[in-house]
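Chemist: Below you'll find model11.cif; it's mmCIF, C-alpha atoms and all ligand atoms.
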```
data_input
loop_
_atom_site.label_atom_id
_atom_site.label_comp_id
_atom_site.auth_asym_id
_atom_site.auth_seq_id
_atom_site.Cartn_x
_atom_site.Cartn_y
_atom_site.Cartn_z
CA MET A 1 7.11 24.96 -12.66
CA SER A 2 9.08 24.19 -9.54
CA TRP A 3 10.30 20.98 -7.94
CA LEU A 4 8.84 19.53 -4.75
CA THR A 5 10.92 17.17 -2.65
CA GLY A 6 9.18 13.89 -1.91
CA ARG A 7 10.29 10.96 0.27
CA ILE A 8 9.92 7.32 -0.67
CA VAL A 9 7.63 5.51 1.78
CA GLU A 10 7.78 2.12 0.04
CA ASN A 11 9.20 0.49 -3.06
CA ARG A 12 6.95 -2.49 -3.84
CA VAL A 13 8.77 -4.98 -6.04
CA TRP A 14 6.46 -7.01 -8.33
CA THR A 15 9.03 -8.79 -10.53
CA ASP A 16 12.69 -8.28 -11.41
CA THR A 17 11.62 -5.44 -13.76
CA LEU A 18 8.41 -3.99 -12.24
CA PHE A 19 8.12 -1.80 -9.15
CA SER A 20 5.79 0.72 -7.50
CA LEU A 21 6.98 3.75 -5.57
CA ARG A 22 4.83 5.24 -2.84
CA VAL A 23 5.94 8.80 -2.16
CA GLU A 24 5.14 11.34 0.54
CA SER A 25 5.20 14.81 -0.98
CA PRO A 26 3.69 18.23 -0.47
CA ALA A 27 0.07 18.30 -1.73
CA LEU A 28 -0.43 18.25 -5.51
CA ALA A 29 -3.69 19.03 -7.34
CA PHE A 30 -4.39 16.74 -10.31
CA GLN A 31 -7.17 14.82 -12.05
CA ALA A 32 -7.28 11.03 -12.11
CA GLY A 33 -5.56 9.89 -15.31
CA GLN A 34 -2.95 12.66 -15.33
CA PHE A 35 0.83 12.39 -15.04
CA VAL A 36 3.64 14.38 -13.47
CA ARG A 37 7.38 14.54 -14.07
CA ILE A 38 9.49 12.88 -11.40
CA ALA A 39 13.25 13.26 -11.19
CA LEU A 40 16.54 12.30 -9.60
CA ASP A 41 19.86 14.08 -9.71
CA VAL A 42 22.36 11.97 -11.65
CA GLU A 43 25.97 13.14 -11.75
CA GLY A 44 24.92 16.73 -11.08
CA GLU A 45 22.07 16.77 -13.64
CA ARG A 46 18.37 16.48 -12.93
CA VAL A 47 16.92 13.62 -14.98
CA ALA A 48 13.12 13.86 -15.22
CA ARG A 49 10.48 11.61 -16.80
CA ALA A 50 6.68 11.63 -16.94
CA PHE A 51 4.89 9.14 -14.68
CA SER A 52 1.13 8.62 -14.34
CA PHE A 53 -0.41 8.76 -10.90
CA VAL A 54 -1.71 5.40 -9.68
CA ASN A 55 -3.31 6.99 -6.62
CA PRO A 56 -6.62 8.85 -6.81
CA PRO A 57 -6.34 12.62 -6.29
CA GLU A 58 -7.52 12.66 -2.68
CA ASP A 59 -4.90 10.15 -1.53
CA PRO A 60 -2.11 12.07 0.25
CA VAL A 61 0.54 9.48 -0.66
CA LEU A 62 1.53 9.53 -4.34
CA GLU A 63 2.06 6.24 -6.16
CA PHE A 64 3.90 5.51 -9.42
CA TYR A 65 4.17 2.17 -11.27
CA GLY A 66 7.34 1.65 -13.26
CA VAL A 67 9.28 -0.80 -15.40
CA ILE A 68 13.06 -0.99 -15.61
CA VAL A 69 14.06 -0.13 -19.17
CA PRO A 70 17.54 -1.66 -19.45
CA GLY A 71 20.10 1.14 -19.94
CA GLY A 72 17.44 3.85 -19.46
CA PRO A 73 18.70 7.06 -17.80
CA LEU A 74 16.05 7.11 -15.04
CA SER A 75 13.99 3.94 -14.59
CA PRO A 76 16.80 1.63 -13.29
CA ARG A 77 17.65 4.30 -10.70
CA LEU A 78 14.02 4.69 -9.62
CA ALA A 79 13.84 0.93 -9.10
CA ARG A 80 16.75 1.11 -6.65
CA LEU A 81 15.12 3.73 -4.39
CA ARG A 82 14.35 2.68 -0.81
CA ALA A 83 12.21 4.08 2.03
CA GLY A 84 13.55 7.45 3.15
CA ASP A 85 15.24 8.32 -0.17
CA ALA A 86 14.38 11.63 -1.84
CA LEU A 87 12.51 11.90 -5.15
CA TYR A 88 11.76 15.21 -6.91
CA VAL A 89 8.21 15.73 -8.11
CA ALA A 90 7.27 18.57 -10.50
CA SER A 91 4.62 20.97 -9.25
CA ASN A 92 2.54 20.88 -12.47
CA PRO A 93 0.65 17.65 -13.20
CA ALA A 94 -0.78 17.53 -16.73
CA GLY A 95 -2.49 15.33 -19.32
CA PHE A 96 -5.73 14.78 -21.20
CA LEU A 97 -6.41 11.12 -20.37
CA VAL A 98 -9.10 12.26 -17.94
CA LEU A 99 -12.81 11.47 -17.84
CA ARG A 100 -13.67 15.17 -17.93
CA GLU A 101 -12.56 15.08 -21.60
CA VAL A 102 -14.56 11.93 -22.43
CA PRO A 103 -18.17 12.05 -23.70
CA ASP A 104 -20.89 10.02 -22.00
CA ALA A 105 -21.48 6.44 -23.16
CA ARG A 106 -22.81 3.12 -21.96
CA THR A 107 -19.44 1.31 -21.90
CA LEU A 108 -16.04 2.70 -20.94
CA TRP A 109 -13.16 0.61 -22.32
CA LEU A 110 -9.74 1.11 -20.67
CA LEU A 111 -7.12 -0.68 -22.80
CA SER A 112 -3.52 -0.82 -21.53
CA THR A 113 -0.17 -2.46 -22.15
CA GLY A 114 2.46 -2.87 -19.41
CA THR A 115 2.72 0.08 -17.05
CA GLY A 116 0.02 1.83 -19.12
CA ILE A 117 -2.50 0.46 -16.63
CA ALA A 118 -1.33 3.09 -14.09
CA PRO A 119 -3.67 6.01 -14.97
CA PHE A 120 -6.65 3.64 -15.20
CA LEU A 121 -6.07 2.49 -11.61
CA SER A 122 -6.35 6.10 -10.51
CA ILE A 123 -9.51 6.70 -12.56
CA LEU A 124 -11.17 3.49 -11.30
CA ARG A 125 -10.74 4.59 -7.69
CA THR A 126 -12.79 7.75 -8.24
CA GLU A 127 -16.60 7.87 -8.38
CA ALA A 128 -16.85 9.36 -11.90
CA PRO A 129 -16.67 6.12 -13.96
CA TRP A 130 -19.37 4.47 -11.86
CA GLN A 131 -21.66 7.48 -12.06
CA ARG A 132 -21.23 8.04 -15.80
CA PHE A 133 -20.93 4.57 -17.41
CA ARG A 134 -23.05 1.45 -17.00
CA GLU A 135 -20.03 -0.82 -17.39
CA VAL A 136 -16.28 -0.40 -17.37
CA VAL A 137 -13.92 -2.88 -19.06
CA LEU A 138 -10.32 -2.79 -17.81
CA VAL A 139 -7.92 -4.56 -20.18
CA HIS A 140 -4.30 -5.23 -19.26
CA ALA A 141 -1.92 -6.76 -21.82
CA VAL A 142 1.52 -7.97 -20.71
CA ARG A 143 4.19 -10.32 -22.00
CA HIS A 144 4.01 -12.79 -19.08
CA ALA A 145 1.18 -13.40 -16.61
CA ARG A 146 3.46 -12.61 -13.64
CA GLU A 147 3.46 -8.99 -14.90
CA LEU A 148 -0.27 -8.63 -14.18
CA ALA A 149 0.36 -6.29 -11.26
CA TYR A 150 -2.26 -4.77 -8.96
CA ARG A 151 -4.54 -7.82 -9.09
CA ASP A 152 -5.24 -7.35 -5.37
CA MET A 153 -6.49 -3.82 -5.96
CA ILE A 154 -8.52 -4.87 -9.00
CA SER A 155 -10.15 -7.75 -7.09
CA ALA A 156 -11.16 -5.32 -4.34
CA LEU A 157 -12.69 -3.02 -6.97
CA GLN A 158 -14.57 -5.97 -8.50
CA GLU A 159 -15.96 -6.87 -5.06
CA GLN A 160 -17.08 -3.27 -4.62
CA ARG A 161 -18.48 -2.65 -8.12
CA GLY A 162 -19.79 -6.11 -9.06
CA PRO A 163 -20.59 -6.74 -12.74
CA ALA A 164 -20.08 -3.04 -13.59
CA LEU A 165 -16.32 -3.79 -13.68
CA ARG A 166 -15.00 -6.36 -16.18
CA TYR A 167 -11.29 -7.24 -16.11
CA VAL A 168 -9.69 -8.90 -19.13
CA THR A 169 -6.00 -9.81 -19.36
CA PHE A 170 -3.61 -10.78 -22.14
CA ALA A 171 -0.33 -12.69 -21.86
CA SER A 172 1.43 -12.40 -25.20
CA ARG A 173 4.51 -14.55 -24.72
CA GLU A 174 3.24 -17.59 -22.84
CA ALA A 175 0.04 -19.59 -22.57
CA ALA A 176 -1.55 -18.45 -19.29
CA PRO A 177 -4.81 -19.80 -17.87
CA GLY A 178 -7.40 -17.03 -17.54
CA SER A 179 -5.61 -14.66 -19.94
CA LEU A 180 -6.21 -14.19 -23.66
CA ALA A 181 -3.32 -14.99 -26.00
CA GLY A 182 -1.70 -12.53 -28.42
CA ARG A 183 -2.32 -8.80 -28.64
CA ILE A 184 -5.23 -6.40 -28.10
CA PRO A 185 -5.68 -5.23 -31.74
CA ALA A 186 -6.03 -8.77 -33.13
CA ALA A 187 -8.53 -9.63 -30.39
CA ILE A 188 -10.57 -6.53 -31.27
CA GLY A 189 -10.56 -7.63 -34.90
CA ASP A 190 -11.65 -11.24 -34.34
CA GLY A 191 -14.15 -10.55 -31.54
CA ARG A 192 -12.26 -12.38 -28.76
CA LEU A 193 -11.97 -9.26 -26.61
CA GLU A 194 -15.68 -8.48 -26.78
CA ALA A 195 -16.54 -12.11 -26.02
CA ALA A 196 -14.25 -12.12 -22.96
CA ALA A 197 -15.61 -8.77 -21.73
CA GLY A 198 -19.27 -9.44 -22.40
CA ALA A 199 -19.48 -5.98 -23.99
CA ARG A 200 -19.43 -4.51 -27.49
CA PHE A 201 -17.38 -1.90 -29.31
CA SER A 202 -19.78 0.45 -31.05
CA ALA A 203 -19.83 4.12 -31.95
CA GLU A 204 -23.27 4.45 -30.33
CA THR A 205 -22.35 2.98 -26.94
CA SER A 206 -18.57 3.03 -26.38
CA GLN A 207 -15.81 5.33 -25.27
CA VAL A 208 -12.29 3.87 -25.42
CA LEU A 209 -9.15 5.02 -23.62
CA LEU A 210 -5.81 3.58 -24.76
CA CYS A 211 -2.55 3.84 -22.80
CA GLY A 212 0.95 2.43 -23.06
CA ASN A 213 3.00 1.20 -26.01
CA PRO A 214 2.65 3.60 -28.98
CA ASP A 215 2.46 0.69 -31.45
CA MET A 216 -0.51 -0.71 -29.53
CA LEU A 217 -2.16 2.72 -29.69
CA LYS A 218 -1.69 2.81 -33.46
CA ASP A 219 -2.77 -0.79 -34.14
CA ALA A 220 -5.71 -0.73 -31.72
CA GLY A 221 -6.77 2.64 -33.16
CA ALA A 222 -6.88 1.04 -36.62
CA ALA A 223 -8.84 -1.98 -35.36
CA LEU A 224 -11.33 0.35 -33.66
CA ALA A 225 -11.59 2.54 -36.77
CA ALA A 226 -12.63 -0.57 -38.70
CA ARG A 227 -15.52 -0.80 -36.20
CA GLY A 228 -16.54 2.83 -36.79
CA LEU A 229 -14.84 4.36 -33.72
CA ARG A 230 -12.76 7.44 -34.43
CA LYS A 231 -10.34 9.60 -32.47
CA HIS A 232 -11.99 11.91 -29.97
CA ARG A 233 -11.21 15.60 -30.22
CA ARG A 234 -12.75 18.50 -28.34
CA ARG A 235 -13.86 20.12 -31.60
CA ALA A 236 -14.83 16.87 -33.32
CA PRO A 237 -16.17 14.49 -30.68
CA GLY A 238 -15.35 10.83 -31.27
CA HIS A 239 -14.74 7.68 -29.27
CA VAL A 240 -11.02 7.03 -28.77
CA THR A 241 -8.68 8.93 -26.41
CA THR A 242 -5.00 7.95 -26.19
CA GLU A 243 -1.86 8.48 -24.15
CA SER A 244 1.47 7.23 -25.45
CA PHE A 245 4.20 6.41 -22.91
CA TRP A 246 7.01 6.93 -25.44
C1 LIG B 1 2.61 10.97 -20.42
C2 LIG B 1 3.55 9.86 -20.00
C3 LIG B 1 3.27 9.09 -18.88
C4 LIG B 1 4.13 8.05 -18.50
N1 LIG B 1 3.82 7.28 -17.42
C5 LIG B 1 4.62 6.23 -17.09
C6 LIG B 1 4.29 5.38 -15.99
O1 LIG B 1 3.30 5.57 -15.28
N2 LIG B 1 5.11 4.34 -15.74
C7 LIG B 1 6.23 4.09 -16.50
O2 LIG B 1 6.96 3.11 -16.22
N3 LIG B 1 6.57 4.89 -17.51
C8 LIG B 1 5.80 5.96 -17.81
N4 LIG B 1 6.15 6.77 -18.85
C9 LIG B 1 7.47 6.55 -19.47
C10 LIG B 1 8.54 7.25 -18.61
O3 LIG B 1 8.41 8.65 -18.74
C11 LIG B 1 9.98 6.88 -18.99
O4 LIG B 1 10.15 6.96 -20.38
C12 LIG B 1 10.35 5.47 -18.52
O5 LIG B 1 10.30 5.41 -17.10
C13 LIG B 1 11.77 5.07 -18.93
O6 LIG B 1 12.66 6.06 -18.50
P1 LIG B 1 14.21 5.95 -18.80
O7 LIG B 1 14.84 7.26 -18.51
O8 LIG B 1 14.80 4.77 -18.05
O9 LIG B 1 14.29 5.61 -20.36
P2 LIG B 1 13.80 6.52 -21.59
O10 LIG B 1 14.99 7.09 -22.26
O11 LIG B 1 12.76 7.49 -21.13
O12 LIG B 1 13.08 5.44 -22.51
C14 LIG B 1 13.84 4.54 -23.34
C15 LIG B 1 12.90 3.60 -24.09
O13 LIG B 1 12.27 2.71 -23.17
C16 LIG B 1 11.00 2.30 -23.65
N5 LIG B 1 10.02 2.66 -22.61
C17 LIG B 1 9.89 3.84 -21.95
N6 LIG B 1 8.89 3.79 -21.03
C18 LIG B 1 8.38 2.55 -21.11
C19 LIG B 1 7.34 1.88 -20.42
N7 LIG B 1 6.62 2.50 -19.44
N8 LIG B 1 7.06 0.61 -20.73
C20 LIG B 1 7.77 -0.01 -21.71
N9 LIG B 1 8.78 0.55 -22.41
C21 LIG B 1 9.09 1.82 -22.11
C22 LIG B 1 10.80 3.05 -24.97
O14 LIG B 1 11.20 2.21 -26.01
C23 LIG B 1 11.72 4.24 -24.83
O15 LIG B 1 12.10 4.77 -26.06
C24 LIG B 1 5.31 7.81 -19.24
C25 LIG B 1 5.61 8.61 -20.34
C26 LIG B 1 4.75 9.61 -20.74
C27 LIG B 1 5.09 10.45 -21.95
N1 LIG B 2 8.43 -7.65 -19.87
C1 LIG B 2 9.61 -8.29 -19.72
O1 LIG B 2 9.67 -9.49 -19.52
C2 LIG B 2 10.89 -7.49 -19.76
C3 LIG B 2 12.03 -8.05 -19.23
C4 LIG B 2 13.19 -7.28 -19.28
C5 LIG B 2 13.18 -6.03 -19.85
N2 LIG B 2 12.04 -5.53 -20.37
C6 LIG B 2 12.05 -4.20 -20.95
O2 LIG B 2 11.03 -3.44 -20.37
C7 LIG B 2 10.47 -2.57 -21.34
C8 LIG B 2 8.99 -2.68 -21.30
O3 LIG B 2 8.51 -3.96 -21.54
P1 LIG B 2 6.96 -4.28 -21.32
O4 LIG B 2 6.80 -5.73 -21.55
O5 LIG B 2 6.49 -3.71 -20.06
O6 LIG B 2 6.25 -3.40 -22.47
P2 LIG B 2 5.91 -3.70 -23.99
O7 LIG B 2 7.12 -4.11 -24.72
O8 LIG B 2 5.19 -2.50 -24.46
O9 LIG B 2 4.90 -4.96 -23.98
C9 LIG B 2 3.68 -4.95 -23.26
C10 LIG B 2 2.59 -5.62 -24.09
O10 LIG B 2 2.32 -4.81 -25.23
C11 LIG B 2 2.24 -5.66 -26.36
N3 LIG B 2 2.48 -4.97 -27.61
C12 LIG B 2 3.64 -4.60 -28.17
N4 LIG B 2 3.43 -4.03 -29.39
C13 LIG B 2 2.11 -4.05 -29.60
C14 LIG B 2 1.27 -3.65 -30.69
N5 LIG B 2 1.76 -3.09 -31.79
N6 LIG B 2 -0.07 -3.83 -30.57
C15 LIG B 2 -0.57 -4.40 -29.47
N7 LIG B 2 0.16 -4.83 -28.42
C16 LIG B 2 1.49 -4.65 -28.49
C17 LIG B 2 3.28 -6.73 -26.08
O11 LIG B 2 3.02 -7.84 -26.92
P3 LIG B 2 4.25 -8.72 -27.58
O12 LIG B 2 4.78 -9.56 -26.46
O13 LIG B 2 3.55 -9.48 -28.65
O14 LIG B 2 5.28 -7.75 -28.10
C18 LIG B 2 3.01 -6.99 -24.60
O15 LIG B 2 1.93 -7.90 -24.46
C19 LIG B 2 11.12 -2.90 -22.66
O16 LIG B 2 12.11 -1.91 -22.90
C20 LIG B 2 11.77 -4.24 -22.43
O17 LIG B 2 12.98 -4.36 -23.15
C21 LIG B 2 10.87 -6.23 -20.31
#
```
Represent the structure of the file as structure tokens.
Ligand SMILES: Cc1cc2nc3c(=O)[nH]c(=O)nc-3n(C[C@H](O)[C@H](O)[C@H](O)COP(=O)(O)OP(=O)(O)OC[C@H]3O[C@@H](n4cnc5c(N)ncnc54)[C@H](O)[C@@H]3O)c2cc1C
Ligand SMILES: NC(=O)c1ccc[n+]([C@@H]2O[C@H](COP(=O)([O-])OP(=O)(O)OC[C@H]3O[C@@H](n4cnc5c(N)ncnc54)[C@H](OP(=O)(O)O)[C@@H]3O)[C@@H](O)[C@H]2O)c1
Modeler:
Amino acid sequence: MSWLTGRIVENRVWTDTLFSLRVESPALAFQAGQFVRIALDVEGERVARAFSFVNPPEDPVLEFYGVIVPGGPLSPRLARLRAGDALYVASNPAGFLVLREVPDARTLWLLSTGTGIAPFLSILRTEAPWQRFREVVLVHAVRHARELAYRDMISALQEQRGPALRYVTFASREAAPGSLAGRIPAAIGDGRLEAAAGARFSAETSQVLLCGNPDMLKDAGAALAARGLRKHRRRAPGHVTTESFW
């Protein structure tokens, strides 16, 4: 592994804690859904963290979506970057949250919390989901509705893909028109998520990708297991593929 030197093209600020970095860097080969380590030098030490690509693989400008974790070694510094600043990008993207690892199905569910929506935005801007699944349900769960980033991009995808793309949002810490209340696992359990999506969770027809908060992965995995969906493994094909952000 070596480090490439990228340059910030834009730091898009969504809220006081959420930002997206667009980065010019030497070409990198990766699959939609993968991540790469990005780094800054802090007091003489290189501090690196994994970030999922938001951009699809053919886009020459890399994009990363981040949240400021108060007191975190890297994220507050990333949020302060401006156009022209340097950012190191590792030369070896990796990760298994990719459609190549996912069996065929009728419905592809993409369930995310917070910045966990990032890899799904990359996947949705490739052709594979639209060729392989009849419908795709993108679910984004955040604390406050103002954190529902990338709505412009998602609206454009909905225009392009019509009813094949369903978009369901959750706001857990305020009542927000148009968003479900509470958390994803409870809404799997009581049927609210399926009702909002107009699609069903079933072992015969569904593949589910989960990304973000590890507690959501655990709790949603349990709610899905109660519906007969089990973890997908290469050697024991199932229905649920996960990526934990911490
Ligand atoms: C495979 C993978 C992909 C990732 N992709 C992204 C991404 O696309 N965008 C992104 O913002 N982060 C992503 N992360 C998390 C990222 O690597 C860092 O942990 C995060 O940016 C915080 O870095 P830090 O050095 O400030 O704090 P850290 O010391 O790394 O984290 C401190 C604590 O902050 C919390 N935390 C970390 N990341 C998040 C998060 N994303 N949302 C909410 N709470 C968090 C956890 O409680 C963690 O223990 C990913 C992690 C992994 C393993
Ligand atoms: N978002 C903010 O307003 C804010 C502001 C300042 C700092 N921060 C910091 O930023 C970091 C990331 O915050 P974040 O809001 O992006 O991520 P987060 O804490 O992972 O929350 C994102 C969503 O995941 C939900 N969630 C948490 N545990 C779950 C579980 N077990 N099952 C299902 N859903 C679950 C949350 O619901 P609940 O709301 O019910 O937990 C919320 O809707 C944290 O370190 C935080 O301290 C956030």
Chemist: Contacts between ligand LIG 2 (chain B) and chain A, please, where a residue of chain A counts if it comes within 10 Å (with all atoms listed in the file); show its shortest atom pair and distance in Å to one decimal, rows by chain and ascending number, as CSV.
Modeler:
```
residue,atom,partner,partner_atom,distance
A:Thr15,CA,B:LIG2,O1,9.0
A:Asp16,CA,B:LIG2,C3,7.9
A:Thr17,CA,B:LIG2,C4,6.0
A:Leu18,CA,B:LIG2,O5,8.1
A:Gly66,CA,B:LIG2,O5,8.7
A:Val67,CA,B:LIG2,O2,5.9
A:Ile68,CA,B:LIG2,O2,5.7
A:Val69,CA,B:LIG2,O16,4.6
A:Pro70,CA,B:LIG2,C5,6.2
A:Gly71,CA,B:LIG2,O16,9.1
A:Gly72,CA,B:LIG2,O16,8.6
A:Ser75,CA,B:LIG2,O2,9.8
A:Ser112,CA,B:LIG2,O10,8.0
A:Thr113,CA,B:LIG2,O10,4.6
A:Gly114,CA,B:LIG2,O5,4.2
A:Thr115,CA,B:LIG2,O5,6.1
A:Gly116,CA,B:LIG2,O5,8.6
A:His140,CA,B:LIG2,C10,8.4
A:Ala141,CA,B:LIG2,O15,4.8
A:Val142,CA,B:LIG2,O15,3.8
A:Arg143,CA,B:LIG2,O15,4.1
A:His144,CA,B:LIG2,O1,6.6
A:Ala145,CA,B:LIG2,O15,9.6
A:Arg146,CA,B:LIG2,O1,9.1
A:Glu147,CA,B:LIG2,N1,7.2
A:Thr169,CA,B:LIG2,O15,9.6
A:Phe170,CA,B:LIG2,O15,6.7
A:Ala171,CA,B:LIG2,O15,5.9
A:Ser172,CA,B:LIG2,O12,4.6
A:Arg173,CA,B:LIG2,O12,5.3
A:Glu174,CA,B:LIG2,O12,8.9
A:Ala181,CA,B:LIG2,O15,9.0
A:Gly182,CA,B:LIG2,O13,6.1
A:Arg183,CA,B:LIG2,N7,4.7
A:Ile184,CA,B:LIG2,C15,5.3
A:Pro185,CA,B:LIG2,C15,5.7
A:Ala186,CA,B:LIG2,C15,7.9
A:Ala187,CA,B:LIG2,C15,9.6
A:Gly212,CA,B:LIG2,O8,6.7
A:Asn213,CA,B:LIG2,O8,4.6
A:Pro214,CA,B:LIG2,N5,7.3
A:Asp215,CA,B:LIG2,N5,3.9
A:Met216,CA,B:LIG2,N6,3.3
A:Leu217,CA,B:LIG2,N6,6.9
A:Lys218,CA,B:LIG2,N5,7.0
A:Asp219,CA,B:LIG2,N6,5.4
A:Ala220,CA,B:LIG2,N6,6.5
A:Gly221,CA,B:LIG2,N6,9.7
A:Phe245,CA,B:LIG2,O8,9.1
A:Trp246,CA,B:LIG2,O8,9.7
```
Chemist: Measuring between all atoms listed in the file, which one of A:Arg134, A:Arg192, A:Arg77, A:Arg233 shows the shortest distance to ligand LIG 1 (chain B)?
Modeler: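 The shortest atom-to-atom distance to ligand LIG 1 (chain B) comes from A:Arg77.
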Chemist: Taking into account all atoms listed in the file, which residue in the set A:Val9, A:Leu165, A:Val42, A:Ala196 is nearest to Val136 of chain A?
Modeler: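 Closest candidate: A:Leu165.
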Chemist: Compare A:Arg100, A:Arg227, A:Arg106, A:Arg132 by their minimum atom-to-atom distance to Gly191 of chain A, counting all atoms listed in the file, and give me the closest one.
Modeler: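 Closest candidate: A:Arg227.
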Chemist: Quick one: of A:Phe120, A:Tyr167, A:Phe53, A:Tyr150, who's nearest to ligand LIG 1 (chain B), counting only C-alpha atoms and all ligand atoms?
Modeler: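 For ligand LIG 1 (chain B), the nearest of the candidates is A:Phe53.
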Chemist: Set the distance at 12 Å and use all atoms listed in the file: which residues neighbour segment 45-48 of chain A once local chain neighbours fewer than 2 positions away are removed? I'd like the list as a ChimeraX atom specification.
Modeler: /A:3,36-43,50-51,72-75,77-78,87-90
Chemist: Restricting the output to C-alpha atoms, write the selected residues as an mmCIF file, keeping the file's coordinate frame.
Modeler:
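Saved as selection.cif:
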```
data_model
loop_
_atom_site.group_PDB
_atom_site.id
_atom_site.type_symbol
_atom_site.label_atom_id
_atom_site.label_comp_id
_atom_site.auth_asym_id
_atom_site.auth_seq_id
_atom_site.Cartn_x
_atom_site.Cartn_y
_atom_site.Cartn_z
ATOM 1 C CA TRP A 3 10.300 20.980 -7.940
ATOM 2 C CA VAL A 36 3.640 14.380 -13.470
ATOM 3 C CA ARG A 37 7.380 14.540 -14.070
ATOM 4 C CA ILE A 38 9.490 12.880 -11.400
ATOM 5 C CA ALA A 39 13.250 13.260 -11.190
ATOM 6 C CA LEU A 40 16.540 12.300 -9.600
ATOM 7 C CA ASP A 41 19.860 14.080 -9.710
ATOM 8 C CA VAL A 42 22.360 11.970 -11.650
ATOM 9 C CA GLU A 43 25.970 13.140 -11.750
ATOM 10 C CA ALA A 50 6.680 11.630 -16.940
ATOM 11 C CA PHE A 51 4.890 9.140 -14.680
ATOM 12 C CA GLY A 72 17.440 3.850 -19.460
ATOM 13 C CA PRO A 73 18.700 7.060 -17.800
ATOM 14 C CA LEU A 74 16.050 7.110 -15.040
ATOM 15 C CA SER A 75 13.990 3.940 -14.590
ATOM 16 C CA ARG A 77 17.650 4.300 -10.700
ATOM 17 C CA LEU A 78 14.020 4.690 -9.620
ATOM 18 C CA LEU A 87 12.510 11.900 -5.150
ATOM 19 C CA TYR A 88 11.760 15.210 -6.910
ATOM 20 C CA VAL A 89 8.210 15.730 -8.110
ATOM 21 C CA ALA A 90 7.270 18.570 -10.500
#
```
Chemist: Of the candidates A:Ala29, A:Val208, A:Met153, A:Ala79, which one gets nearest to ligand LIG 1 (chain B) if we count only C-alpha atoms and all ligand atoms?
Modeler: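 Of A:Ala29, A:Val208, A:Met153, A:Ala79, the one nearest ligand LIG 1 (chain B), counting only C-alpha atoms and all ligand atoms, is A:Ala79.
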Chemist: With all atoms listed in the file as the counted atoms, please give the residues lying no more than 12 Å from Phe35 of chain A, apart from itself and same-chain residues fewer than 5 positions off, as a ChimeraX atom specification.
Modeler: /A:28-30,49-57,62-65,89-98,116,118-120,122,243-245
Chemist: Would you please work out which residue, of A:Gly162, A:Pro129, A:Gly33, A:Gly44, is nearest to ligand LIG 1 (chain B) when using only C-alpha atoms and all ligand atoms?
Modeler: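 Checking each of A:Gly162, A:Pro129, A:Gly33, A:Gly44 against ligand LIG 1 (chain B), counting only C-alpha atoms and all ligand atoms, the winner is A:Gly33.
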Chemist: Set the distance at 8 Å and use only C-alpha atoms: which residues neighbour Asn11 of chain A once local chain neighbours fewer than 2 positions away are removed? I'd like the list as a PyMOL selection string.
Modeler: chain A and resi 8-9+13+19-22+79+81-83
Chemist: If I wrap all listed atoms of ligand LIG 1 (chain B) in a box with edges along x, y and z and add 3 Å on each side, what are its centre and edge lengths in Å to one decimal, as AutoDock Vina command-line options?
Modeler:
```
--center_x 8.8 --center_y 5.5 --center_z -20.7 --size_x 18.4 --size_y 17.0 --size_z 16.8
```
Chemist: Save segment 176-186 of chain A to a file: N, CA and C atoms, as a PDB file, in the first residue's frame.
Modeler:
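Full text of decode-v3.pdb as output:
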```pdb
ATOM      1  N   ALA A 176     -40.906  14.780  12.092  1.00  0.00           N
ATOM      2  CA  ALA A 176     -40.583  15.449  10.827  1.00  0.00           C
ATOM      3  C   ALA A 176     -41.549  14.962   9.755  1.00  0.00           C
ATOM      4  N   PRO A 177     -42.272  15.886   9.113  1.00  0.00           N
ATOM      5  CA  PRO A 177     -43.217  15.472   8.078  1.00  0.00           C
ATOM      6  C   PRO A 177     -42.502  14.713   6.971  1.00  0.00           C
ATOM      7  N   GLY A 178     -43.062  13.599   6.541  1.00  0.00           N
ATOM      8  CA  GLY A 178     -42.453  12.838   5.442  1.00  0.00           C
ATOM      9  C   GLY A 178     -41.452  11.799   5.896  1.00  0.00           C
ATOM     10  N   SER A 179     -41.037  11.840   7.159  1.00  0.00           N
ATOM     11  CA  SER A 179     -40.092  10.841   7.682  1.00  0.00           C
ATOM     12  C   SER A 179     -40.784   9.982   8.732  1.00  0.00           C
ATOM     13  N   LEU A 180     -40.407   8.710   8.794  1.00  0.00           N
ATOM     14  CA  LEU A 180     -40.897   7.837   9.855  1.00  0.00           C
ATOM     15  C   LEU A 180     -40.239   8.233  11.174  1.00  0.00           C
ATOM     16  N   ALA A 181     -40.917   7.930  12.279  1.00  0.00           N
ATOM     17  CA  ALA A 181     -40.369   8.208  13.605  1.00  0.00           C
ATOM     18  C   ALA A 181     -39.626   6.977  14.112  1.00  0.00           C
ATOM     19  N   GLY A 182     -38.706   7.194  15.061  1.00  0.00           N
ATOM     20  CA  GLY A 182     -38.043   6.065  15.721  1.00  0.00           C
ATOM     21  C   GLY A 182     -36.907   5.492  14.889  1.00  0.00           C
ATOM     22  N   ARG A 183     -36.698   4.191  15.070  1.00  0.00           N
ATOM     23  CA  ARG A 183     -35.516   3.529  14.497  1.00  0.00           C
ATOM     24  C   ARG A 183     -35.902   2.451  13.491  1.00  0.00           C
ATOM     25  N   ILE A 184     -34.958   2.085  12.635  1.00  0.00           N
ATOM     26  CA  ILE A 184     -35.186   1.071  11.595  1.00  0.00           C
ATOM     27  C   ILE A 184     -35.638  -0.280  12.179  1.00  0.00           C
ATOM     28  N   PRO A 185     -34.953  -0.836  13.191  1.00  0.00           N
ATOM     29  CA  PRO A 185     -35.330  -2.204  13.615  1.00  0.00           C
ATOM     30  C   PRO A 185     -36.777  -2.294  14.091  1.00  0.00           C
ATOM     31  N   ALA A 186     -37.237  -1.293  14.853  1.00  0.00           N
ATOM     32  CA  ALA A 186     -38.623  -1.322  15.338  1.00  0.00           C
ATOM     33  C   ALA A 186     -39.589  -1.268  14.160  1.00  0.00           C
TER      34      ALA A 186
END
```
